[in-house]
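target31.tsv follows; it contains TSV, C-alpha atoms and all ligand atoms.
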```tsv
chain	number	residue	atom	x	y	z
P	1	MET	CA	-7.49	-24.00	9.84
P	2	ALA	CA	-3.79	-24.54	9.15
P	3	MET	CA	-2.09	-22.19	6.71
P	4	ARG	CA	-0.86	-23.58	3.40
P	5	VAL	CA	2.14	-22.03	1.65
P	6	VAL	CA	2.18	-22.35	-2.16
P	7	ARG	CA	4.69	-21.11	-4.70
P	8	THR	CA	3.29	-22.07	-8.09
P	9	ILE	CA	0.14	-21.00	-9.91
P	10	ALA	CA	-0.76	-24.66	-10.50
P	11	ASP	CA	-0.66	-25.43	-6.77
P	12	LEU	CA	-2.61	-22.26	-5.99
P	13	ARG	CA	-5.32	-23.13	-8.52
P	14	ALA	CA	-5.65	-26.68	-7.15
P	15	LEU	CA	-6.06	-25.31	-3.63
P	16	ILE	CA	-8.56	-22.67	-4.73
P	17	ARG	CA	-10.59	-25.38	-6.51
P	18	THR	CA	-10.82	-27.39	-3.28
P	19	ILE	CA	-11.79	-24.32	-1.25
P	20	ARG	CA	-14.48	-23.44	-3.79
P	21	GLU	CA	-15.84	-27.01	-3.83
P	22	GLN	CA	-16.43	-26.63	-0.11
P	23	GLY	CA	-18.58	-23.62	-0.91
P	24	HIS	CA	-16.22	-21.26	0.88
P	25	ARG	CA	-16.08	-17.53	0.39
P	26	ILE	CA	-12.57	-16.36	-0.51
P	27	GLY	CA	-10.89	-13.12	0.52
P	28	PHE	CA	-7.64	-11.93	-1.04
P	29	VAL	CA	-4.93	-9.58	0.25
P	30	PRO	CA	-2.16	-8.80	-2.26
P	31	THR	CA	1.08	-7.51	-0.71
P	32	MET	CA	4.77	-7.03	-1.39
P	33	GLY	CA	5.74	-8.55	1.96
P	34	PHE	CA	7.73	-7.15	4.90
P	35	LEU	CA	4.35	-7.20	6.57
P	36	HIS	CA	3.21	-4.91	9.36
P	37	GLU	CA	-0.03	-4.22	11.20
P	38	GLY	CA	-1.37	-2.28	8.17
P	39	HIS	CA	-1.26	-5.52	6.19
P	40	GLY	CA	-2.48	-7.23	9.36
P	41	ALA	CA	-5.63	-5.09	9.36
P	42	LEU	CA	-6.41	-6.16	5.78
P	43	ILE	CA	-5.87	-9.85	6.60
P	44	ARG	CA	-7.91	-9.65	9.79
P	45	GLN	CA	-10.78	-7.98	7.95
P	46	SER	CA	-10.68	-10.64	5.25
P	47	ALA	CA	-10.58	-13.42	7.85
P	48	ALA	CA	-13.59	-11.87	9.60
P	49	ARG	CA	-15.63	-11.63	6.39
P	50	CYS	CA	-14.53	-14.71	4.43
P	51	ASP	CA	-14.07	-18.44	5.09
P	52	ALA	CA	-10.63	-18.53	3.48
P	53	THR	CA	-8.06	-15.74	3.14
P	54	VAL	CA	-5.34	-15.82	0.49
P	55	VAL	CA	-2.37	-13.50	1.04
P	56	SER	CA	0.13	-13.02	-1.76
P	57	ILE	CA	3.68	-11.83	-1.22
P	58	PHE	CA	5.22	-10.71	-4.48
P	59	VAL	CA	7.59	-7.81	-5.00
P	60	ASN	CA	6.29	-6.89	-8.42
P	61	PRO	CA	9.13	-5.67	-10.65
P	62	THR	CA	6.84	-4.04	-13.24
P	63	GLN	CA	5.61	-1.41	-10.78
P	64	PHE	CA	9.12	-0.15	-9.98
P	65	GLY	CA	10.75	2.48	-12.19
P	66	PRO	CA	14.44	2.66	-13.05
P	67	GLY	CA	16.36	3.92	-10.00
P	68	GLU	CA	13.61	2.91	-7.57
P	69	ASP	CA	14.10	0.50	-4.68
P	70	LEU	CA	13.24	-2.87	-6.32
P	71	ALA	CA	16.66	-4.44	-5.65
P	72	ASN	CA	16.74	-3.52	-1.96
P	73	TYR	CA	13.02	-3.68	-1.14
P	74	PRO	CA	12.95	-5.03	2.45
P	75	ARG	CA	12.22	-8.75	2.84
P	76	ASP	CA	11.64	-11.09	5.78
P	77	LEU	CA	9.61	-14.08	4.64
P	78	GLU	CA	9.88	-15.94	7.93
P	79	ARG	CA	8.43	-13.08	9.95
P	80	ASP	CA	5.79	-12.52	7.23
P	81	GLN	CA	4.60	-16.13	7.56
P	82	GLY	CA	4.19	-15.63	11.31
P	83	LEU	CA	2.12	-12.47	10.82
P	84	CYS	CA	-0.07	-14.18	8.20
P	85	LEU	CA	-0.75	-17.11	10.51
P	86	GLU	CA	-1.43	-14.86	13.48
P	87	THR	CA	-3.88	-12.63	11.60
P	88	GLY	CA	-5.92	-15.46	10.10
P	89	ALA	CA	-4.57	-16.14	6.59
P	90	THR	CA	-5.27	-19.65	5.30
P	91	VAL	CA	-3.22	-19.58	2.09
P	92	LEU	CA	0.08	-17.79	1.51
P	93	PHE	CA	1.07	-17.46	-2.15
P	94	MET	CA	4.75	-16.60	-2.67
P	95	PRO	CA	5.62	-16.97	-6.36
P	96	GLU	CA	8.97	-16.34	-8.02
P	97	VAL	CA	9.17	-13.53	-10.57
P	98	SER	CA	9.53	-16.12	-13.39
P	99	GLU	CA	6.24	-17.72	-12.32
P	100	ILE	CA	4.34	-14.44	-12.79
P	101	TYR	CA	6.34	-13.09	-15.74
P	102	PRO	CA	7.63	-16.06	-17.74
P	103	THR	CA	9.78	-15.44	-20.80
P	104	GLY	CA	7.68	-13.93	-23.57
P	105	PHE	CA	5.26	-12.09	-21.25
P	106	GLN	CA	3.96	-9.02	-23.11
P	107	THR	CA	0.35	-8.21	-22.20
P	108	HIS	CA	-0.45	-5.36	-19.81
P	109	VAL	CA	-3.43	-3.60	-18.27
P	110	GLU	CA	-3.25	0.12	-19.07
P	111	PRO	CA	-5.17	2.27	-16.58
P	112	GLY	CA	-6.61	5.55	-17.83
P	113	ARG	CA	-6.80	9.08	-16.47
P	114	LEU	CA	-6.94	8.05	-12.80
P	115	ALA	CA	-3.32	6.90	-13.06
P	116	GLU	CA	-2.07	10.27	-14.35
P	117	PRO	CA	-2.09	12.74	-11.41
P	118	LEU	CA	-0.43	12.47	-7.97
P	119	CYS	CA	1.99	9.48	-7.87
P	120	GLY	CA	1.38	8.88	-11.58
P	121	ARG	CA	3.22	12.10	-12.43
P	122	PHE	CA	6.33	11.00	-10.54
P	123	ARG	CA	6.24	7.26	-11.19
P	124	PRO	CA	5.49	6.76	-14.89
P	125	GLY	CA	4.31	3.20	-15.58
P	126	HIS	CA	3.81	2.44	-11.88
P	127	PHE	CA	0.03	1.97	-12.01
P	128	ARG	CA	0.27	0.01	-15.25
P	129	GLY	CA	2.49	-2.44	-13.38
P	130	VAL	CA	0.14	-2.47	-10.38
P	131	ALA	CA	-3.00	-2.95	-12.49
P	132	THR	CA	-1.36	-5.71	-14.51
P	133	VAL	CA	-0.17	-7.75	-11.54
P	134	VAL	CA	-3.41	-7.25	-9.59
P	135	ALA	CA	-5.48	-8.35	-12.61
P	136	LYS	CA	-3.30	-11.45	-12.96
P	137	LEU	CA	-3.51	-12.26	-9.25
P	138	LEU	CA	-7.29	-11.76	-9.22
P	139	HIS	CA	-7.58	-14.25	-12.08
P	140	MET	CA	-5.43	-16.77	-10.21
P	141	VAL	CA	-7.17	-16.44	-6.84
P	142	GLN	CA	-10.72	-15.67	-8.04
P	143	PRO	CA	-11.70	-14.13	-4.70
P	144	ASP	CA	-15.13	-12.88	-3.69
P	145	LEU	CA	-13.56	-9.91	-1.89
P	146	ALA	CA	-10.17	-8.23	-2.40
P	147	PHE	CA	-8.74	-5.94	0.30
P	148	PHE	CA	-6.62	-2.83	-0.32
P	149	GLY	CA	-5.32	-0.16	2.04
P	150	GLN	CA	-6.43	3.47	1.98
P	151	LYS	CA	-2.75	4.26	2.59
P	152	ASP	CA	-2.21	3.79	-1.17
P	153	TYR	CA	-5.32	5.76	-2.04
P	154	GLN	CA	-4.71	6.30	-5.75
P	155	GLN	CA	-3.89	2.61	-6.13
P	156	ALA	CA	-7.22	1.64	-4.56
P	157	VAL	CA	-9.09	4.02	-6.89
P	158	VAL	CA	-7.25	2.73	-9.98
P	159	ILE	CA	-7.95	-0.91	-8.98
P	160	ARG	CA	-11.61	-0.22	-8.29
P	161	ARG	CA	-11.93	1.37	-11.75
P	162	MET	CA	-10.13	-1.56	-13.40
P	163	VAL	CA	-12.43	-4.07	-11.68
P	164	ARG	CA	-15.45	-2.20	-13.04
P	165	ASP	CA	-14.05	-1.53	-16.49
P	166	LEU	CA	-12.93	-5.15	-17.01
P	167	ASN	CA	-15.99	-6.67	-15.29
P	168	LEU	CA	-13.87	-8.64	-12.85
P	169	PRO	CA	-16.19	-10.62	-10.52
P	170	VAL	CA	-14.83	-9.32	-7.21
P	171	ASP	CA	-15.78	-6.69	-4.63
P	172	VAL	CA	-13.00	-4.27	-3.71
P	173	VAL	CA	-12.81	-3.34	-0.02
P	174	VAL	CA	-10.68	-0.37	1.07
P	175	VAL	CA	-9.41	-0.56	4.66
P	176	PRO	CA	-8.52	2.62	6.63
P	177	THR	CA	-4.83	3.46	7.11
P	178	VAL	CA	-3.18	1.96	10.18
P	179	ARG	CA	-0.83	4.41	11.93
P	180	ASP	CA	1.83	4.16	14.62
P	181	GLY	CA	1.03	5.80	17.96
P	182	ASP	CA	2.77	9.00	16.81
P	183	GLY	CA	0.66	9.19	13.63
P	184	LEU	CA	3.16	7.87	11.07
P	185	ALA	CA	1.35	5.67	8.53
P	186	LEU	CA	2.76	2.13	8.73
P	187	SER	CA	4.74	1.25	5.63
P	188	SER	CA	7.32	-1.39	4.74
P	189	ARG	CA	9.49	1.51	3.54
P	190	ASN	CA	9.60	3.01	7.07
P	191	ALA	CA	12.30	0.37	7.68
P	192	TYR	CA	14.67	2.51	5.56
P	193	LEU	CA	14.29	5.52	7.85
P	194	ALA	CA	17.21	6.40	10.12
P	195	PRO	CA	16.12	7.45	13.66
P	196	GLY	CA	16.37	11.18	12.89
P	197	ASP	CA	14.54	10.66	9.61
P	198	ARG	CA	11.66	9.00	11.36
P	199	GLU	CA	11.05	12.11	13.43
P	200	ARG	CA	11.01	14.25	10.26
P	201	ALA	CA	8.74	11.73	8.52
P	202	LEU	CA	6.04	12.72	10.99
P	203	ALA	CA	5.71	15.96	9.02
P	204	LEU	CA	3.45	14.16	6.54
P	205	SER	CA	0.89	12.82	9.00
P	206	GLN	CA	1.07	15.89	11.27
P	207	GLY	CA	0.10	18.19	8.42
P	208	LEU	CA	-2.62	15.92	7.10
P	209	LEU	CA	-4.12	15.29	10.51
P	210	ALA	CA	-4.09	19.03	11.34
P	211	ALA	CA	-5.97	19.71	8.11
P	212	LYS	CA	-8.43	16.94	8.87
P	213	ALA	CA	-9.03	18.32	12.37
P	214	ALA	CA	-9.76	21.76	10.88
P	215	PHE	CA	-12.05	20.17	8.32
P	216	ASP	CA	-13.91	18.28	11.04
P	217	ALA	CA	-14.26	21.59	12.92
P	218	GLY	CA	-15.99	23.09	9.87
P	219	GLU	CA	-13.25	24.53	7.62
P	220	ARG	CA	-14.26	23.93	4.01
P	221	ARG	CA	-11.95	26.31	2.11
P	222	THR	CA	-9.26	24.42	0.20
P	223	GLN	CA	-6.48	26.99	0.69
P	224	PRO	CA	-6.44	27.06	4.50
P	225	LEU	CA	-6.65	23.26	4.54
P	226	LEU	CA	-3.68	22.97	2.16
P	227	ASP	CA	-1.74	25.58	4.16
P	228	LEU	CA	-2.27	23.59	7.37
P	229	ALA	CA	-1.08	20.38	5.69
P	230	ARG	CA	1.94	22.16	4.18
P	231	GLY	CA	3.01	23.72	7.50
P	232	PRO	CA	5.22	20.89	8.84
P	233	LEU	CA	6.46	19.83	5.39
P	234	GLY	CA	9.42	22.22	5.57
P	235	ARG	CA	11.10	19.38	7.50
P	236	VAL	CA	11.14	16.91	4.61
P	237	ASP	CA	13.96	16.79	2.08
P	238	GLN	CA	11.92	16.94	-1.10
P	239	MET	CA	8.21	17.44	-1.55
P	240	GLN	CA	6.69	15.79	-4.59
P	241	TYR	CA	3.07	16.84	-4.24
P	242	LEU	CA	0.46	17.99	-1.78
P	243	GLU	CA	-2.98	17.99	-3.36
P	244	LEU	CA	-6.61	18.14	-2.36
P	245	VAL	CA	-8.55	16.12	-4.92
P	246	ASP	CA	-12.03	14.79	-5.58
P	247	ALA	CA	-12.10	11.37	-3.87
P	248	GLN	CA	-13.57	9.68	-6.95
P	249	THR	CA	-12.07	11.43	-9.97
P	250	LEU	CA	-8.78	12.56	-8.33
P	251	GLU	CA	-9.22	15.96	-10.01
P	252	PRO	CA	-7.99	18.92	-7.91
P	253	LEU	CA	-10.61	20.74	-5.87
P	254	ASP	CA	-10.46	24.48	-6.01
P	255	GLY	CA	-12.25	26.82	-3.62
P	256	VAL	CA	-14.30	24.67	-1.28
P	257	VAL	CA	-14.60	21.03	-0.31
P	258	ASP	CA	-18.19	20.41	-1.31
P	259	ARG	CA	-17.88	16.64	-1.87
P	260	SER	CA	-15.76	13.74	-0.65
P	261	ALA	CA	-12.12	14.65	-1.05
P	262	ALA	CA	-8.69	13.14	-0.50
P	263	LEU	CA	-5.77	15.20	0.76
P	264	CYS	CA	-2.69	13.41	-0.55
P	265	VAL	CA	1.02	13.95	-0.04
P	266	ALA	CA	4.27	12.40	-1.29
P	267	ALA	CA	7.72	13.44	-0.09
P	268	PHE	CA	11.26	12.20	0.35
P	269	VAL	CA	12.75	11.99	3.83
P	270	GLY	CA	16.41	11.17	3.31
P	271	THR	CA	16.32	8.74	0.39
P	272	THR	CA	12.97	7.25	1.40
P	273	ARG	CA	9.87	8.16	-0.55
P	274	LEU	CA	6.79	8.30	1.67
P	275	ILE	CA	3.13	8.81	0.82
P	276	ASP	CA	0.11	9.48	3.02
P	277	ASN	CA	-3.44	10.81	2.75
P	278	VAL	CA	-6.59	11.62	4.68
P	279	LEU	CA	-10.17	11.54	3.46
P	280	LEU	CA	-12.32	14.62	3.99
P	281	THR	CA	-15.99	13.75	3.78
P	282	PRO	CA	-18.56	16.49	4.24
P	283	SER	CA	-21.32	14.86	6.26
P	284	VAL	CA	-24.91	15.85	5.59
P	285	GLU	CA	-25.53	16.61	9.28
P	286	ALA	CA	-22.70	19.18	9.56
P	287	GLY	CA	-24.29	22.59	9.76
P	288	PRO	CA	-22.53	25.54	8.12
P	289	GLY	CA	-20.08	26.90	10.70
P	290	PRO	CA	-18.56	30.39	10.55
P	291	GLN	CA	-15.68	29.18	8.34
P	292	ASN	CA	-17.98	27.30	6.06
P	293	HIS	CA	-18.81	30.00	3.57
P	294	PRO	CA	-17.19	29.82	0.17
P	295	ARG	CA	-14.79	32.61	-0.58
P	296	PRO	CA	-16.16	35.17	-3.02
P	301	LIG	P1	2.32	-3.20	-0.01
P	301	LIG	O1	2.88	-4.45	0.59
P	301	LIG	O2	2.99	-1.96	0.46
P	301	LIG	O3	2.18	-3.30	-1.51
P	301	LIG	O4	0.84	-3.09	0.55
P	301	LIG	C1	-0.08	-4.14	0.40
P	301	LIG	C2	-1.45	-3.65	0.81
P	301	LIG	O5	-1.41	-3.21	2.16
P	301	LIG	C3	-1.90	-2.45	-0.03
P	301	LIG	O6	-3.28	-2.59	-0.31
P	301	LIG	C4	-1.63	-1.29	0.88
P	301	LIG	O7	-2.46	-0.18	0.64
P	301	LIG	C5	-1.93	-1.91	2.23
P	301	LIG	N1	-1.28	-1.12	3.29
P	301	LIG	C6	0.01	-0.76	3.36
P	301	LIG	N2	0.24	0.01	4.45
P	301	LIG	C7	-0.95	0.14	5.08
P	301	LIG	C8	-1.39	0.82	6.26
P	301	LIG	N3	-0.55	1.53	7.01
P	301	LIG	N4	-2.69	0.74	6.58
P	301	LIG	C9	-3.57	0.04	5.83
P	301	LIG	N5	-3.21	-0.63	4.72
P	301	LIG	C10	-1.93	-0.59	4.34
```
Would you put the structure from the file into structure tokens?
Amino acid sequence: MAMRVVRTIADLRALIRTIREQGHRIGFVPTMGFLHEGHGALIRQSAARCDATVVSIFVNPTQFGPGEDLANYPRDLERDQGLCLETGATVLFMPEVSEIYPTGFQTHVEPGRLAEPLCGRFRPGHFRGVATVVAKLLHMVQPDLAFFGQKDYQQAVVIRRMVRDLNLPVDVVVVPTVRDGDGLALSSRNAYLAPGDRERALALSQGLLAAKAAFDAGERRTQPLLDLARGPLGRVDQMQYLELVDAQTLEPLDGVVDRSAALCVAAFVGTTRLIDNVLLTPSVEAGPGPQNHPRP
């Protein structure tokens, strides 16, 4: 199927109506563009599971705080179109800001407690902007499935909660983080990193992956896991947080990892803010190893 590029909500809705009339199942991948293989994984998964895949490219101003990188967020629409086509997108929606937020716009989606910890502490209003634009896009596209990356773990959890709380008729699929060969999580913001910075940026994934390896080998105590993850982080310029939280509630785990957990980090390398995480899931089969006993 050829890929259609649309820029207005009216054109998008007309196209969606035609796709629906054909009885097709629609997948949706919202993005801010400057696409990479992380986005590619979401699009490919949608293309594999749905008859039509809508990708949106919209750098959403309401999720950027004052002093953040909205004005110089990287863009390359021509390359993005190529990646969309190559990975199986059928519709590319690229609206102007005025199309999404016309004069007089004043209604927002306010997420609750899940938006408070982690990135929420350092980016006030960020998840309100994310939830608002994703709700709007979901209403425009009306997909059966919507795909989000584990890379932005808190975002995925906030969106999943919003979909439930507002009874939006869509299934949220979270796709594992795609990493470069050296472990760095792919991100549009990696483009900001100078060569020396890129090396130091590996501190995030190195720490997380070391902690995950220890967890997989049986370590269940939170402190040693956090210490392992913190080890390489001396190389970053400014740490924002490193936290081991309940994968569902995002509340900090203290003592032992006795349920699914997310180990999440945010740090600045140079002027670039990077985030990453790994999921730690105690499997039922894992027998208690020597390090498995809770501390007294
Ligand atoms: P963004 O364009 O950064 O807003 O990201 C759009 C979607 O792609 C979000 O659902 C992200 O979580 C997802 N994403 C970004 N980077 C990756 C990655 N390295 N692996 C998997 N998904 C990603």
For this session: Show which residues sit within 9 Å of Lys151 (chain P), as an NGL selection string. Count all atoms listed in the file, and ignore same-chain residues fewer than 6 positions away.
Result: :P and (38 or 175-178 or 185-187 or 275-278)
Exercise. Region 188-202 of chain P: which residues within 9 Å, counting all atoms listed in the file, same-chain residues fewer than 6 positions away excluded, as a ChimeraX atom specification?
Worked result: /P:32-36,73-74,182,232-233,235-236,267-274
Exercise. Interatomic distance between CA of Phe28 (chain P) and CA of Ser46 (chain P)?
Worked result: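 Result for CA of Phe28 (chain P) versus CA of Ser46 (chain P): 7.1 Å, one decimal.
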Exercise. Counting all atoms listed in the file, which residues come within 9 Å of (-12.4, 24.9, -2.9), with the point read in the file's coordinates, and could you list them as a PyMOL selection string?
Worked result: chain P and resi 220-223+244+252-258+294-295
For this session: Measure the distance from CA of Ile43 (chain P) to CA of Asp144 (chain P) in Å and round it to one decimal.
Result: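 Atom-to-atom, CA of Ile43 (chain P) to CA of Asp144 (chain P), that is 14.2 Å.
One distance worth recording is that between CA of Ala261 (chain P) and CA of Asp171 (chain P), which is 21.9 Å.
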Complete the atom set of region 184-202 of chain P to N, CA, C and O atoms and return it as an mmCIF file, keeping the file's coordinate frame.
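Full text of part.cif as output:
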```
data_model
loop_
_atom_site.group_PDB
_atom_site.id
_atom_site.type_symbol
_atom_site.label_atom_id
_atom_site.label_comp_id
_atom_site.auth_asym_id
_atom_site.auth_seq_id
_atom_site.Cartn_x
_atom_site.Cartn_y
_atom_site.Cartn_z
ATOM 1 N N LEU P 184 2.511 8.291 12.324
ATOM 2 C CA LEU P 184 3.160 7.870 11.070
ATOM 3 C C LEU P 184 2.404 6.674 10.476
ATOM 4 O O LEU P 184 2.161 5.683 11.165
ATOM 5 N N ALA P 185 2.028 6.785 9.202
ATOM 6 C CA ALA P 185 1.350 5.670 8.530
ATOM 7 C C ALA P 185 2.317 4.495 8.424
ATOM 8 O O ALA P 185 3.455 4.664 7.987
ATOM 9 N N LEU P 186 1.883 3.307 8.836
ATOM 10 C CA LEU P 186 2.760 2.130 8.730
ATOM 11 C C LEU P 186 3.058 1.867 7.263
ATOM 12 O O LEU P 186 2.187 1.989 6.401
ATOM 13 N N SER P 187 4.317 1.551 6.988
ATOM 14 C CA SER P 187 4.740 1.250 5.630
ATOM 15 C C SER P 187 5.992 0.386 5.700
ATOM 16 O O SER P 187 6.840 0.590 6.585
ATOM 17 N N SER P 188 6.111 -0.565 4.778
ATOM 18 C CA SER P 188 7.320 -1.390 4.740
ATOM 19 C C SER P 188 8.539 -0.493 4.563
ATOM 20 O O SER P 188 9.622 -0.782 5.071
ATOM 21 N N ARG P 189 8.366 0.617 3.827
ATOM 22 C CA ARG P 189 9.490 1.510 3.540
ATOM 23 C C ARG P 189 9.953 2.298 4.771
ATOM 24 O O ARG P 189 11.032 2.884 4.745
ATOM 25 N N ASN P 190 9.146 2.334 5.849
ATOM 26 C CA ASN P 190 9.600 3.010 7.070
ATOM 27 C C ASN P 190 10.870 2.357 7.603
ATOM 28 O O ASN P 190 11.628 2.984 8.347
ATOM 29 N N ALA P 191 11.097 1.081 7.223
ATOM 30 C CA ALA P 191 12.300 0.370 7.680
ATOM 31 C C ALA P 191 13.570 1.055 7.184
ATOM 32 O O ALA P 191 14.633 0.913 7.788
ATOM 33 N N TYR P 192 13.494 1.801 6.087
ATOM 34 C CA TYR P 192 14.670 2.510 5.560
ATOM 35 C C TYR P 192 15.039 3.725 6.392
ATOM 36 O O TYR P 192 16.127 4.276 6.249
ATOM 37 N N LEU P 193 14.085 4.231 7.194
ATOM 38 C CA LEU P 193 14.290 5.520 7.850
ATOM 39 C C LEU P 193 15.292 5.431 8.995
ATOM 40 O O LEU P 193 15.136 4.602 9.895
ATOM 41 N N ALA P 194 16.300 6.276 8.973
ATOM 42 C CA ALA P 194 17.210 6.400 10.120
ATOM 43 C C ALA P 194 16.427 7.065 11.255
ATOM 44 O O ALA P 194 15.409 7.719 10.996
ATOM 45 N N PRO P 195 16.898 6.911 12.530
ATOM 46 C CA PRO P 195 16.120 7.450 13.660
ATOM 47 C C PRO P 195 15.747 8.931 13.501
ATOM 48 O O PRO P 195 14.609 9.314 13.731
ATOM 49 N N GLY P 196 16.673 9.758 13.069
ATOM 50 C CA GLY P 196 16.370 11.180 12.890
ATOM 51 C C GLY P 196 15.369 11.405 11.767
ATOM 52 O O GLY P 196 14.511 12.294 11.840
ATOM 53 N N ASP P 197 15.462 10.569 10.745
ATOM 54 C CA ASP P 197 14.540 10.660 9.610
ATOM 55 C C ASP P 197 13.106 10.374 10.042
ATOM 56 O O ASP P 197 12.155 10.977 9.571
ATOM 57 N N ARG P 198 13.006 9.419 10.954
ATOM 58 C CA ARG P 198 11.660 9.000 11.360
ATOM 59 C C ARG P 198 10.909 10.166 11.985
ATOM 60 O O ARG P 198 9.726 10.365 11.743
ATOM 61 N N GLU P 199 11.629 10.939 12.795
ATOM 62 C CA GLU P 199 11.050 12.110 13.430
ATOM 63 C C GLU P 199 10.554 13.093 12.350
ATOM 64 O O GLU P 199 9.450 13.613 12.425
ATOM 65 N N ARG P 200 11.392 13.314 11.325
ATOM 66 C CA ARG P 200 11.010 14.250 10.260
ATOM 67 C C ARG P 200 9.880 13.700 9.395
ATOM 68 O O ARG P 200 9.088 14.452 8.826
ATOM 69 N N ALA P 201 9.802 12.352 9.322
ATOM 70 C CA ALA P 201 8.740 11.730 8.520
ATOM 71 C C ALA P 201 7.358 12.036 9.076
ATOM 72 O O ALA P 201 6.361 11.989 8.351
ATOM 73 N N LEU P 202 7.322 12.376 10.371
ATOM 74 C CA LEU P 202 6.040 12.720 10.990
ATOM 75 C C LEU P 202 5.422 13.967 10.378
ATOM 76 O O LEU P 202 4.235 14.223 10.564
#
```
